[in-house]
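Q: So here's query04.cif (mmCIF, N, CA and C atoms).
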data_work
#
loop_
_atom_site.label_atom_id
_atom_site.label_comp_id
_atom_site.auth_asym_id
_atom_site.auth_seq_id
_atom_site.Cartn_x
_atom_site.Cartn_y
_atom_site.Cartn_z
N MET A 1 -19.40 56.85 -66.23
CA MET A 1 -19.18 57.13 -64.83
C MET A 1 -17.70 57.44 -64.66
N SER A 2 -17.39 58.47 -63.91
CA SER A 2 -15.99 58.79 -63.64
C SER A 2 -15.68 58.46 -62.19
N TYR A 3 -14.45 58.05 -61.96
CA TYR A 3 -14.02 57.69 -60.63
C TYR A 3 -12.99 58.70 -60.14
N PRO A 4 -12.94 58.97 -58.85
CA PRO A 4 -11.95 59.90 -58.31
C PRO A 4 -10.54 59.41 -58.61
N ALA A 5 -9.64 60.33 -58.87
CA ALA A 5 -8.26 59.99 -59.14
C ALA A 5 -7.69 59.18 -57.99
N GLY A 6 -6.95 58.13 -58.32
CA GLY A 6 -6.27 57.35 -57.30
C GLY A 6 -7.07 56.21 -56.71
N THR A 7 -8.33 56.04 -57.10
CA THR A 7 -9.11 54.96 -56.49
C THR A 7 -9.11 53.71 -57.34
N MET A 8 -8.85 53.83 -58.62
CA MET A 8 -8.88 52.67 -59.50
C MET A 8 -7.46 52.21 -59.79
N ARG A 9 -7.21 50.91 -59.71
CA ARG A 9 -5.91 50.34 -60.01
C ARG A 9 -6.02 49.46 -61.23
N SER A 10 -4.91 49.29 -61.92
CA SER A 10 -4.94 48.38 -63.07
C SER A 10 -5.02 46.95 -62.55
N MET A 11 -5.51 46.07 -63.39
CA MET A 11 -5.69 44.67 -62.99
C MET A 11 -4.35 44.01 -62.67
N SER A 12 -3.24 44.51 -63.23
CA SER A 12 -1.95 43.87 -63.01
C SER A 12 -1.29 44.27 -61.70
N GLU A 13 -1.77 45.34 -61.06
CA GLU A 13 -1.20 45.78 -59.79
C GLU A 13 -1.64 44.86 -58.66
N SER A 14 -0.77 44.71 -57.67
CA SER A 14 -1.13 43.96 -56.48
C SER A 14 -2.27 44.71 -55.78
N SER A 15 -3.27 43.98 -55.32
CA SER A 15 -4.46 44.64 -54.77
C SER A 15 -4.91 43.93 -53.50
N PRO A 16 -5.31 44.71 -52.48
CA PRO A 16 -5.85 44.10 -51.26
C PRO A 16 -7.33 43.73 -51.41
N HIS A 17 -7.91 43.97 -52.56
CA HIS A 17 -9.33 43.71 -52.77
C HIS A 17 -9.60 42.21 -52.82
N ARG A 18 -10.75 41.81 -52.28
CA ARG A 18 -11.11 40.39 -52.22
C ARG A 18 -12.27 40.11 -53.17
N HIS A 19 -12.12 39.04 -53.95
CA HIS A 19 -13.13 38.63 -54.92
C HIS A 19 -14.48 38.43 -54.24
N HIS A 20 -15.52 39.06 -54.76
CA HIS A 20 -16.91 38.96 -54.31
C HIS A 20 -17.15 39.59 -52.94
N ALA A 21 -16.22 40.38 -52.44
CA ALA A 21 -16.41 41.06 -51.15
C ALA A 21 -16.88 42.48 -51.41
N ILE A 22 -17.61 43.06 -50.48
CA ILE A 22 -17.97 44.47 -50.60
C ILE A 22 -16.67 45.25 -50.63
N ASP A 23 -16.51 46.09 -51.64
CA ASP A 23 -15.24 46.76 -51.86
C ASP A 23 -15.32 48.27 -51.67
N TYR A 24 -16.46 48.87 -52.00
CA TYR A 24 -16.56 50.32 -51.98
C TYR A 24 -18.03 50.67 -51.85
N ILE A 25 -18.37 51.52 -50.92
CA ILE A 25 -19.75 51.97 -50.71
C ILE A 25 -19.79 53.46 -51.00
N GLU A 26 -20.71 53.86 -51.85
CA GLU A 26 -20.82 55.29 -52.18
C GLU A 26 -22.18 55.81 -51.73
N PHE A 27 -22.14 56.88 -50.93
CA PHE A 27 -23.35 57.51 -50.44
C PHE A 27 -23.60 58.78 -51.23
N THR A 28 -24.84 58.97 -51.65
CA THR A 28 -25.25 60.25 -52.22
C THR A 28 -25.64 61.14 -51.05
N VAL A 29 -25.13 62.38 -51.06
CA VAL A 29 -25.43 63.32 -49.98
C VAL A 29 -25.84 64.65 -50.60
N THR A 30 -26.67 65.39 -49.88
CA THR A 30 -27.13 66.67 -50.40
C THR A 30 -26.24 67.83 -50.00
N ASP A 31 -25.41 67.63 -48.98
CA ASP A 31 -24.48 68.67 -48.52
C ASP A 31 -23.19 67.96 -48.12
N LEU A 32 -22.18 68.05 -48.98
CA LEU A 32 -20.95 67.31 -48.77
C LEU A 32 -20.24 67.71 -47.47
N ASP A 33 -20.13 68.99 -47.19
CA ASP A 33 -19.47 69.42 -45.96
C ASP A 33 -20.20 68.92 -44.71
N GLN A 34 -21.52 69.00 -44.72
CA GLN A 34 -22.32 68.53 -43.58
C GLN A 34 -22.15 67.02 -43.41
N ALA A 35 -22.14 66.28 -44.50
CA ALA A 35 -22.00 64.83 -44.42
C ALA A 35 -20.62 64.46 -43.87
N LYS A 36 -19.58 65.12 -44.33
CA LYS A 36 -18.24 64.85 -43.82
C LYS A 36 -18.16 65.15 -42.32
N ARG A 37 -18.73 66.26 -41.90
CA ARG A 37 -18.73 66.60 -40.47
C ARG A 37 -19.47 65.54 -39.67
N PHE A 38 -20.65 65.13 -40.15
CA PHE A 38 -21.45 64.13 -39.45
C PHE A 38 -20.68 62.82 -39.27
N TYR A 39 -20.16 62.25 -40.34
CA TYR A 39 -19.48 60.96 -40.26
C TYR A 39 -18.16 61.06 -39.49
N ALA A 40 -17.50 62.20 -39.55
CA ALA A 40 -16.28 62.39 -38.75
C ALA A 40 -16.62 62.43 -37.27
N GLU A 41 -17.67 63.17 -36.90
CA GLU A 41 -18.06 63.27 -35.49
C GLU A 41 -18.65 61.96 -34.96
N ALA A 42 -19.51 61.32 -35.74
CA ALA A 42 -20.21 60.13 -35.26
C ALA A 42 -19.31 58.90 -35.24
N PHE A 43 -18.42 58.74 -36.23
CA PHE A 43 -17.66 57.50 -36.36
C PHE A 43 -16.16 57.68 -36.54
N GLY A 44 -15.67 58.92 -36.54
CA GLY A 44 -14.24 59.16 -36.68
C GLY A 44 -13.71 58.96 -38.09
N TRP A 45 -14.59 58.95 -39.09
CA TRP A 45 -14.14 58.75 -40.46
C TRP A 45 -13.30 59.92 -40.93
N GLN A 46 -12.35 59.62 -41.83
CA GLN A 46 -11.52 60.64 -42.45
C GLN A 46 -11.72 60.56 -43.96
N PHE A 47 -11.39 61.64 -44.64
CA PHE A 47 -11.74 61.74 -46.06
C PHE A 47 -10.58 62.23 -46.91
N ASN A 48 -10.61 61.84 -48.18
CA ASN A 48 -9.76 62.40 -49.22
C ASN A 48 -10.66 63.26 -50.08
N ASP A 49 -10.35 64.54 -50.19
CA ASP A 49 -11.19 65.46 -50.97
C ASP A 49 -10.77 65.46 -52.44
N TYR A 50 -11.76 65.38 -53.32
CA TYR A 50 -11.54 65.38 -54.76
C TYR A 50 -12.25 66.53 -55.44
N GLY A 51 -12.57 67.57 -54.72
CA GLY A 51 -13.28 68.71 -55.29
C GLY A 51 -14.59 68.93 -54.59
N PRO A 52 -15.39 69.85 -55.12
CA PRO A 52 -16.62 70.24 -54.42
C PRO A 52 -17.73 69.19 -54.43
N GLY A 53 -17.60 68.14 -55.24
CA GLY A 53 -18.69 67.19 -55.35
C GLY A 53 -18.38 65.78 -54.90
N TYR A 54 -17.14 65.53 -54.39
CA TYR A 54 -16.81 64.14 -54.02
C TYR A 54 -15.73 64.11 -52.95
N ALA A 55 -15.89 63.18 -52.00
CA ALA A 55 -14.87 62.92 -50.99
C ALA A 55 -14.78 61.41 -50.80
N GLY A 56 -13.58 60.87 -50.86
CA GLY A 56 -13.36 59.45 -50.61
C GLY A 56 -13.31 59.19 -49.12
N ILE A 57 -13.85 58.05 -48.69
CA ILE A 57 -13.82 57.64 -47.28
C ILE A 57 -12.57 56.80 -47.09
N ARG A 58 -11.64 57.28 -46.28
CA ARG A 58 -10.39 56.56 -46.06
C ARG A 58 -10.61 55.26 -45.32
N SER A 59 -9.80 54.28 -45.65
CA SER A 59 -9.81 53.00 -44.95
C SER A 59 -9.44 53.22 -43.49
N PRO A 60 -10.06 52.50 -42.58
CA PRO A 60 -9.71 52.64 -41.17
C PRO A 60 -8.36 52.00 -40.82
N HIS A 61 -7.69 51.39 -41.80
CA HIS A 61 -6.44 50.69 -41.54
C HIS A 61 -5.21 51.57 -41.68
N GLY A 62 -5.40 52.91 -41.81
CA GLY A 62 -4.30 53.84 -41.74
C GLY A 62 -3.65 54.23 -43.05
N ASP A 63 -3.96 53.58 -44.16
CA ASP A 63 -3.39 53.95 -45.44
C ASP A 63 -4.26 55.04 -46.06
N ALA A 64 -3.74 56.28 -46.08
CA ALA A 64 -4.53 57.42 -46.56
C ALA A 64 -4.94 57.27 -48.02
N ALA A 65 -4.20 56.49 -48.80
CA ALA A 65 -4.55 56.31 -50.21
C ALA A 65 -5.64 55.27 -50.40
N ALA A 66 -5.78 54.34 -49.44
CA ALA A 66 -6.79 53.29 -49.55
C ALA A 66 -8.15 53.84 -49.10
N GLU A 67 -9.16 53.54 -49.88
CA GLU A 67 -10.51 54.01 -49.57
C GLU A 67 -11.49 52.85 -49.55
N VAL A 68 -12.53 53.00 -48.74
CA VAL A 68 -13.58 51.99 -48.63
C VAL A 68 -14.89 52.48 -49.21
N GLY A 69 -14.96 53.76 -49.56
CA GLY A 69 -16.18 54.32 -50.10
C GLY A 69 -16.02 55.79 -50.40
N GLY A 70 -17.16 56.41 -50.69
CA GLY A 70 -17.13 57.82 -51.00
C GLY A 70 -18.46 58.51 -50.71
N LEU A 71 -18.39 59.83 -50.64
CA LEU A 71 -19.57 60.69 -50.51
C LEU A 71 -19.68 61.49 -51.80
N ARG A 72 -20.81 61.36 -52.49
CA ARG A 72 -21.02 62.05 -53.76
C ARG A 72 -22.17 63.03 -53.61
N ALA A 73 -21.91 64.30 -53.89
CA ALA A 73 -22.95 65.33 -53.77
C ALA A 73 -23.92 65.24 -54.95
N ASP A 74 -25.21 65.38 -54.65
CA ASP A 74 -26.26 65.40 -55.66
C ASP A 74 -27.43 66.21 -55.12
N GLN A 75 -28.41 66.47 -55.95
CA GLN A 75 -29.57 67.27 -55.56
C GLN A 75 -30.46 66.57 -54.55
N GLU A 76 -30.57 65.22 -54.65
CA GLU A 76 -31.44 64.48 -53.75
C GLU A 76 -30.89 63.08 -53.51
N VAL A 77 -31.33 62.47 -52.44
CA VAL A 77 -30.98 61.10 -52.10
C VAL A 77 -32.16 60.22 -52.45
N ARG A 78 -31.91 59.18 -53.22
CA ARG A 78 -32.99 58.25 -53.58
C ARG A 78 -33.13 57.18 -52.51
N ALA A 79 -34.32 56.94 -52.07
CA ALA A 79 -34.59 55.92 -51.05
C ALA A 79 -34.48 54.52 -51.67
N GLY A 80 -34.26 53.54 -50.82
CA GLY A 80 -34.32 52.16 -51.27
C GLY A 80 -32.99 51.55 -51.66
N GLY A 81 -31.89 52.20 -51.37
CA GLY A 81 -30.59 51.63 -51.67
C GLY A 81 -30.27 50.51 -50.70
N PRO A 82 -29.07 49.93 -50.83
CA PRO A 82 -28.70 48.86 -49.91
C PRO A 82 -28.54 49.38 -48.50
N LEU A 83 -28.80 48.51 -47.52
CA LEU A 83 -28.61 48.89 -46.13
C LEU A 83 -27.19 48.53 -45.74
N VAL A 84 -26.41 49.52 -45.38
CA VAL A 84 -25.04 49.33 -44.93
C VAL A 84 -25.06 49.20 -43.42
N LEU A 85 -24.39 48.18 -42.89
CA LEU A 85 -24.32 47.97 -41.45
C LEU A 85 -22.89 48.21 -40.97
N LEU A 86 -22.77 49.00 -39.92
CA LEU A 86 -21.49 49.25 -39.25
C LEU A 86 -21.47 48.43 -37.97
N TYR A 87 -20.30 48.09 -37.49
CA TYR A 87 -20.16 47.36 -36.24
C TYR A 87 -19.82 48.34 -35.12
N SER A 88 -20.30 48.06 -33.90
CA SER A 88 -19.97 48.88 -32.74
C SER A 88 -19.66 47.99 -31.55
N ALA A 89 -18.63 48.35 -30.81
CA ALA A 89 -18.32 47.66 -29.57
C ALA A 89 -19.17 48.18 -28.42
N ASP A 90 -19.82 49.33 -28.59
CA ASP A 90 -20.68 49.94 -27.57
C ASP A 90 -21.89 50.56 -28.28
N LEU A 91 -22.91 49.76 -28.48
CA LEU A 91 -24.06 50.17 -29.30
C LEU A 91 -24.79 51.38 -28.74
N ASP A 92 -25.02 51.41 -27.43
CA ASP A 92 -25.74 52.54 -26.85
C ASP A 92 -24.96 53.84 -27.02
N ARG A 93 -23.66 53.78 -26.85
CA ARG A 93 -22.81 54.97 -27.06
C ARG A 93 -22.85 55.40 -28.52
N SER A 94 -22.82 54.43 -29.44
CA SER A 94 -22.89 54.77 -30.86
C SER A 94 -24.21 55.45 -31.20
N ALA A 95 -25.31 54.98 -30.63
CA ALA A 95 -26.61 55.62 -30.87
C ALA A 95 -26.58 57.07 -30.38
N GLN A 96 -25.95 57.30 -29.25
CA GLN A 96 -25.87 58.66 -28.71
C GLN A 96 -25.01 59.57 -29.58
N VAL A 97 -23.86 59.07 -30.06
CA VAL A 97 -23.00 59.93 -30.88
C VAL A 97 -23.64 60.24 -32.22
N VAL A 98 -24.44 59.30 -32.74
CA VAL A 98 -25.19 59.58 -33.98
C VAL A 98 -26.13 60.76 -33.75
N LYS A 99 -26.86 60.73 -32.64
CA LYS A 99 -27.77 61.84 -32.31
C LYS A 99 -27.01 63.14 -32.10
N ASP A 100 -25.91 63.07 -31.34
CA ASP A 100 -25.12 64.26 -31.05
C ASP A 100 -24.54 64.89 -32.32
N ALA A 101 -24.23 64.06 -33.31
CA ALA A 101 -23.64 64.55 -34.56
C ALA A 101 -24.69 65.07 -35.54
N GLY A 102 -25.99 64.90 -35.22
CA GLY A 102 -27.04 65.43 -36.09
C GLY A 102 -27.81 64.37 -36.86
N GLY A 103 -27.55 63.09 -36.57
CA GLY A 103 -28.32 62.02 -37.20
C GLY A 103 -29.59 61.75 -36.41
N GLN A 104 -30.44 60.89 -36.97
CA GLN A 104 -31.68 60.55 -36.29
C GLN A 104 -31.81 59.03 -36.21
N VAL A 105 -31.92 58.50 -34.99
CA VAL A 105 -32.16 57.07 -34.82
C VAL A 105 -33.61 56.82 -35.19
N VAL A 106 -33.84 55.95 -36.18
CA VAL A 106 -35.20 55.72 -36.69
C VAL A 106 -35.76 54.36 -36.29
N ASN A 107 -34.92 53.48 -35.73
CA ASN A 107 -35.39 52.16 -35.30
C ASN A 107 -34.39 51.60 -34.29
N GLY A 108 -34.90 51.26 -33.09
CA GLY A 108 -34.05 50.61 -32.11
C GLY A 108 -33.39 51.58 -31.16
N PRO A 109 -32.40 51.07 -30.46
CA PRO A 109 -31.78 49.76 -30.54
C PRO A 109 -32.75 48.62 -30.18
N TYR A 110 -32.55 47.49 -30.84
CA TYR A 110 -33.38 46.32 -30.61
C TYR A 110 -32.51 45.06 -30.70
N ASP A 111 -33.00 44.00 -30.06
CA ASP A 111 -32.31 42.71 -30.09
C ASP A 111 -32.68 41.97 -31.36
N PHE A 112 -31.74 41.22 -31.88
CA PHE A 112 -31.99 40.28 -32.96
C PHE A 112 -31.13 39.05 -32.66
N PRO A 113 -31.39 37.90 -33.29
CA PRO A 113 -30.59 36.71 -33.00
C PRO A 113 -29.10 36.99 -33.23
N GLY A 114 -28.32 36.91 -32.16
CA GLY A 114 -26.89 37.13 -32.27
C GLY A 114 -26.41 38.51 -31.87
N GLY A 115 -27.32 39.43 -31.55
CA GLY A 115 -26.85 40.75 -31.16
C GLY A 115 -27.95 41.78 -30.99
N ARG A 116 -27.53 43.04 -31.10
CA ARG A 116 -28.45 44.18 -31.02
C ARG A 116 -28.09 45.12 -32.15
N ARG A 117 -29.06 45.96 -32.57
CA ARG A 117 -28.77 46.94 -33.60
C ARG A 117 -29.75 48.08 -33.58
N PHE A 118 -29.39 49.14 -34.29
CA PHE A 118 -30.30 50.26 -34.53
C PHE A 118 -30.07 50.76 -35.94
N HIS A 119 -31.07 51.46 -36.46
CA HIS A 119 -30.96 52.11 -37.77
C HIS A 119 -31.02 53.61 -37.53
N PHE A 120 -30.32 54.35 -38.38
CA PHE A 120 -30.33 55.80 -38.29
C PHE A 120 -30.31 56.39 -39.69
N THR A 121 -30.72 57.66 -39.77
CA THR A 121 -30.55 58.41 -41.01
C THR A 121 -29.54 59.51 -40.76
N ASP A 122 -28.71 59.74 -41.79
CA ASP A 122 -27.75 60.83 -41.71
C ASP A 122 -28.45 62.12 -42.12
N PRO A 123 -27.81 63.28 -42.05
CA PRO A 123 -28.49 64.53 -42.38
C PRO A 123 -29.03 64.62 -43.81
N SER A 124 -28.50 63.79 -44.74
CA SER A 124 -29.02 63.79 -46.11
C SER A 124 -30.18 62.82 -46.30
N GLY A 125 -30.44 61.96 -45.30
CA GLY A 125 -31.54 61.01 -45.40
C GLY A 125 -31.13 59.58 -45.70
N ASN A 126 -29.81 59.30 -45.83
CA ASN A 126 -29.36 57.92 -46.02
C ASN A 126 -29.62 57.12 -44.76
N GLU A 127 -30.16 55.91 -44.90
CA GLU A 127 -30.39 55.04 -43.74
C GLU A 127 -29.29 54.00 -43.67
N LEU A 128 -28.70 53.88 -42.49
CA LEU A 128 -27.68 52.89 -42.21
C LEU A 128 -28.05 52.18 -40.92
N GLY A 129 -27.39 51.07 -40.64
CA GLY A 129 -27.59 50.36 -39.40
C GLY A 129 -26.26 50.20 -38.66
N VAL A 130 -26.35 50.01 -37.37
CA VAL A 130 -25.19 49.73 -36.53
C VAL A 130 -25.56 48.52 -35.67
N TRP A 131 -24.66 47.54 -35.60
CA TRP A 131 -24.95 46.35 -34.80
C TRP A 131 -23.81 46.06 -33.85
N SER A 132 -24.13 45.27 -32.83
CA SER A 132 -23.13 44.78 -31.89
C SER A 132 -23.50 43.37 -31.47
N GLU A 133 -22.51 42.67 -30.96
CA GLU A 133 -22.78 41.34 -30.41
C GLU A 133 -23.41 41.51 -29.04
N LEU A 134 -24.08 40.48 -28.56
CA LEU A 134 -24.69 40.53 -27.22
C LEU A 134 -23.66 40.61 -26.14
#
I need this file expressed as structure tokens, please.

A:
Amino acid sequence: MSYPAGTMRSMSESSPHRHHAIDYIEFTVTDLDQAKRFYAEAFGWQFNDYGPGYAGIRSPHGDAAAEVGGLRADQEVRAGGPLVLLYSADLDRSAQVVKDAGGQVVNGPYDFPGGRRFHFTDPSGNELGVWSEL
């Protein structure tokens, strides 16, 4: 497996990574440009481009070199991967921007103990969830 340049650090370097914490999420997408447009429009994500088949998802904390995940182009998306949940301060607005950006809400919004959430698929078919507190 190869990693995009600049994402891997040596063990001796100081690192903001936390032991046993989710560190990097990689989505397989069928159209990299479409996926970047969708996530930028729906959630304001920004990207580091590494060529025609990969884009790193920049950390929301402002460091352009720090990444929290990536988009990897492939022929198809395999179902059954982990469910990634995003947080929203305005769940109904988030559901609307997902639709406006070309995603499809596939479940909810619905209440669950401690909050509300919905699931959506992106244009490549990846399913994610968004939750908020009550």

Q: Nearest residue to Gly62 (chain A) out of A:Ala89, A:Trp45, A:Phe120, A:Lys36, using only C-alpha atoms?

A: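 Closest candidate: A:Trp45.
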
Q: Any chance you could work out the residue set of the PyMOL selection byres ((chain A and resi 48-56) around 5) here, as a count of residues only?

A: 9

Q: Would you kindly return, as a PyMOL selection string, each protein, DNA or RNA residue with an atom no farther than 10 Å from any atom of Val68 (chain A), considering only C-alpha atoms and excluding same-chain residues fewer than 4 positions away?

A: chain A and resi 7+22-26+56-60

Q: Run the PyMOL selection byres ((chain A and resi 74-77) around 8) on the file and write out the hits as JSON, numbers by chain.

A: {"A": [27, 28, 29, 30, 31, 32, 53, 71, 72, 73, 78, 79, 80, 124, 125, 126]}

Q: Save out the residues we just selected, N, CA and C atoms, as an mmCIF file, in the coordinates of the input.

A:
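Wrote out24.cif, looks like this:
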data_model
loop_
_atom_site.group_PDB
_atom_site.id
_atom_site.type_symbol
_atom_site.label_atom_id
_atom_site.label_comp_id
_atom_site.auth_asym_id
_atom_site.auth_seq_id
_atom_site.Cartn_x
_atom_site.Cartn_y
_atom_site.Cartn_z
ATOM 1 N N PHE A 27 -22.140 56.880 -50.930
ATOM 2 C CA PHE A 27 -23.350 57.510 -50.440
ATOM 3 C C PHE A 27 -23.600 58.780 -51.230
ATOM 4 N N THR A 28 -24.840 58.970 -51.650
ATOM 5 C CA THR A 28 -25.250 60.250 -52.220
ATOM 6 C C THR A 28 -25.640 61.140 -51.050
ATOM 7 N N VAL A 29 -25.130 62.380 -51.060
ATOM 8 C CA VAL A 29 -25.430 63.320 -49.980
ATOM 9 C C VAL A 29 -25.840 64.650 -50.600
ATOM 10 N N THR A 30 -26.670 65.390 -49.880
ATOM 11 C CA THR A 30 -27.130 66.670 -50.400
ATOM 12 C C THR A 30 -26.240 67.830 -50.000
ATOM 13 N N ASP A 31 -25.410 67.630 -48.980
ATOM 14 C CA ASP A 31 -24.480 68.670 -48.520
ATOM 15 C C ASP A 31 -23.190 67.960 -48.120
ATOM 16 N N LEU A 32 -22.180 68.050 -48.980
ATOM 17 C CA LEU A 32 -20.950 67.310 -48.770
ATOM 18 C C LEU A 32 -20.240 67.710 -47.470
ATOM 19 N N GLY A 53 -17.600 68.140 -55.240
ATOM 20 C CA GLY A 53 -18.690 67.190 -55.350
ATOM 21 C C GLY A 53 -18.380 65.780 -54.900
ATOM 22 N N LEU A 71 -18.390 59.830 -50.640
ATOM 23 C CA LEU A 71 -19.570 60.690 -50.510
ATOM 24 C C LEU A 71 -19.680 61.490 -51.800
ATOM 25 N N ARG A 72 -20.810 61.360 -52.490
ATOM 26 C CA ARG A 72 -21.020 62.050 -53.760
ATOM 27 C C ARG A 72 -22.170 63.030 -53.610
ATOM 28 N N ALA A 73 -21.910 64.300 -53.890
ATOM 29 C CA ALA A 73 -22.950 65.330 -53.770
ATOM 30 C C ALA A 73 -23.920 65.240 -54.950
ATOM 31 N N ARG A 78 -31.910 59.180 -53.220
ATOM 32 C CA ARG A 78 -32.990 58.250 -53.580
ATOM 33 C C ARG A 78 -33.130 57.180 -52.510
ATOM 34 N N ALA A 79 -34.320 56.940 -52.070
ATOM 35 C CA ALA A 79 -34.590 55.920 -51.050
ATOM 36 C C ALA A 79 -34.480 54.520 -51.670
ATOM 37 N N GLY A 80 -34.260 53.540 -50.820
ATOM 38 C CA GLY A 80 -34.320 52.160 -51.270
ATOM 39 C C GLY A 80 -32.990 51.550 -51.660
ATOM 40 N N SER A 124 -28.500 63.790 -44.740
ATOM 41 C CA SER A 124 -29.020 63.790 -46.110
ATOM 42 C C SER A 124 -30.180 62.820 -46.300
ATOM 43 N N GLY A 125 -30.440 61.960 -45.300
ATOM 44 C CA GLY A 125 -31.540 61.010 -45.400
ATOM 45 C C GLY A 125 -31.130 59.580 -45.700
ATOM 46 N N ASN A 126 -29.810 59.300 -45.830
ATOM 47 C CA ASN A 126 -29.360 57.920 -46.020
ATOM 48 C C ASN A 126 -29.620 57.120 -44.760
#

Q: I'd like the residues picked by the PyMOL selection byres (((chain A and resi 86 and name CA) around 6) and name CA) written out as an MDAnalysis selection string, using the chain letters and numbers from the file.

A: chainID A and resid 85 87 130

Q: Please return as a PyMOL selection string: the residues of chain A that backbone DSSP assigns to alpha helix (DSSP H).

A: chain A and resi 32-43+91-100

Q: Kindly save the residues from that selection, with N, CA and C atoms included, as a PDB file, in the coordinates of the input.

A:
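Printed below is result.pdb as written:
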ATOM      1  N   LEU A  32     -22.180  68.050 -48.980  1.00  0.00           N
ATOM      2  CA  LEU A  32     -20.950  67.310 -48.770  1.00  0.00           C
ATOM      3  C   LEU A  32     -20.240  67.710 -47.470  1.00  0.00           C
ATOM      4  N   ASP A  33     -20.130  68.990 -47.190  1.00  0.00           N
ATOM      5  CA  ASP A  33     -19.470  69.420 -45.960  1.00  0.00           C
ATOM      6  C   ASP A  33     -20.200  68.920 -44.710  1.00  0.00           C
ATOM      7  N   GLN A  34     -21.520  69.000 -44.720  1.00  0.00           N
ATOM      8  CA  GLN A  34     -22.320  68.530 -43.580  1.00  0.00           C
ATOM      9  C   GLN A  34     -22.150  67.020 -43.410  1.00  0.00           C
ATOM     10  N   ALA A  35     -22.140  66.280 -44.500  1.00  0.00           N
ATOM     11  CA  ALA A  35     -22.000  64.830 -44.420  1.00  0.00           C
ATOM     12  C   ALA A  35     -20.620  64.460 -43.870  1.00  0.00           C
ATOM     13  N   LYS A  36     -19.580  65.120 -44.330  1.00  0.00           N
ATOM     14  CA  LYS A  36     -18.240  64.850 -43.820  1.00  0.00           C
ATOM     15  C   LYS A  36     -18.160  65.150 -42.320  1.00  0.00           C
ATOM     16  N   ARG A  37     -18.730  66.260 -41.900  1.00  0.00           N
ATOM     17  CA  ARG A  37     -18.730  66.600 -40.470  1.00  0.00           C
ATOM     18  C   ARG A  37     -19.470  65.540 -39.670  1.00  0.00           C
ATOM     19  N   PHE A  38     -20.650  65.130 -40.150  1.00  0.00           N
ATOM     20  CA  PHE A  38     -21.450  64.130 -39.450  1.00  0.00           C
ATOM     21  C   PHE A  38     -20.680  62.820 -39.270  1.00  0.00           C
ATOM     22  N   TYR A  39     -20.160  62.250 -40.340  1.00  0.00           N
ATOM     23  CA  TYR A  39     -19.480  60.960 -40.260  1.00  0.00           C
ATOM     24  C   TYR A  39     -18.160  61.060 -39.490  1.00  0.00           C
ATOM     25  N   ALA A  40     -17.500  62.200 -39.550  1.00  0.00           N
ATOM     26  CA  ALA A  40     -16.280  62.390 -38.750  1.00  0.00           C
ATOM     27  C   ALA A  40     -16.620  62.430 -37.270  1.00  0.00           C
ATOM     28  N   GLU A  41     -17.670  63.170 -36.900  1.00  0.00           N
ATOM     29  CA  GLU A  41     -18.060  63.270 -35.490  1.00  0.00           C
ATOM     30  C   GLU A  41     -18.650  61.960 -34.960  1.00  0.00           C
ATOM     31  N   ALA A  42     -19.510  61.320 -35.740  1.00  0.00           N
ATOM     32  CA  ALA A  42     -20.210  60.130 -35.260  1.00  0.00           C
ATOM     33  C   ALA A  42     -19.310  58.900 -35.240  1.00  0.00           C
ATOM     34  N   PHE A  43     -18.420  58.740 -36.230  1.00  0.00           N
ATOM     35  CA  PHE A  43     -17.660  57.500 -36.360  1.00  0.00           C
ATOM     36  C   PHE A  43     -16.160  57.680 -36.540  1.00  0.00           C
ATOM     37  N   LEU A  91     -22.910  49.760 -28.480  1.00  0.00           N
ATOM     38  CA  LEU A  91     -24.060  50.170 -29.300  1.00  0.00           C
ATOM     39  C   LEU A  91     -24.790  51.380 -28.740  1.00  0.00           C
ATOM     40  N   ASP A  92     -25.020  51.410 -27.430  1.00  0.00           N
ATOM     41  CA  ASP A  92     -25.740  52.540 -26.850  1.00  0.00           C
ATOM     42  C   ASP A  92     -24.960  53.840 -27.020  1.00  0.00           C
ATOM     43  N   ARG A  93     -23.660  53.780 -26.850  1.00  0.00           N
ATOM     44  CA  ARG A  93     -22.810  54.970 -27.060  1.00  0.00           C
ATOM     45  C   ARG A  93     -22.850  55.400 -28.520  1.00  0.00           C
ATOM     46  N   SER A  94     -22.820  54.430 -29.440  1.00  0.00           N
ATOM     47  CA  SER A  94     -22.890  54.770 -30.860  1.00  0.00           C
ATOM     48  C   SER A  94     -24.210  55.450 -31.200  1.00  0.00           C
ATOM     49  N   ALA A  95     -25.310  54.980 -30.630  1.00  0.00           N
ATOM     50  CA  ALA A  95     -26.610  55.620 -30.870  1.00  0.00           C
ATOM     51  C   ALA A  95     -26.580  57.070 -30.380  1.00  0.00           C
ATOM     52  N   GLN A  96     -25.950  57.300 -29.250  1.00  0.00           N
ATOM     53  CA  GLN A  96     -25.870  58.660 -28.710  1.00  0.00           C
ATOM     54  C   GLN A  96     -25.010  59.570 -29.580  1.00  0.00           C
ATOM     55  N   VAL A  97     -23.860  59.070 -30.060  1.00  0.00           N
ATOM     56  CA  VAL A  97     -23.000  59.930 -30.880  1.00  0.00           C
ATOM     57  C   VAL A  97     -23.640  60.240 -32.220  1.00  0.00           C
ATOM     58  N   VAL A  98     -24.440  59.300 -32.740  1.00  0.00           N
ATOM     59  CA  VAL A  98     -25.190  59.580 -33.980  1.00  0.00           C
ATOM     60  C   VAL A  98     -26.130  60.760 -33.750  1.00  0.00           C
ATOM     61  N   LYS A  99     -26.860  60.730 -32.640  1.00  0.00           N
ATOM     62  CA  LYS A  99     -27.770  61.840 -32.310  1.00  0.00           C
ATOM     63  C   LYS A  99     -27.010  63.140 -32.100  1.00  0.00           C
ATOM     64  N   ASP A 100     -25.910  63.070 -31.340  1.00  0.00           N
ATOM     65  CA  ASP A 100     -25.120  64.260 -31.050  1.00  0.00           C
ATOM     66  C   ASP A 100     -24.540  64.890 -32.320  1.00  0.00           C
TER      67      ASP A 100
END

Q: Between A:Ala21, A:Ala65, A:Ala35, A:Val84, which has the minimum distance to Gly103 (chain A) (counting only C-alpha atoms)?

A: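 The closest residue to Gly103 (chain A) is A:Ala35.
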
Q: Quick one, how far is CA of Lys99 (chain A) from CA of Arg116 (chain A)?

A: 17.7 Å
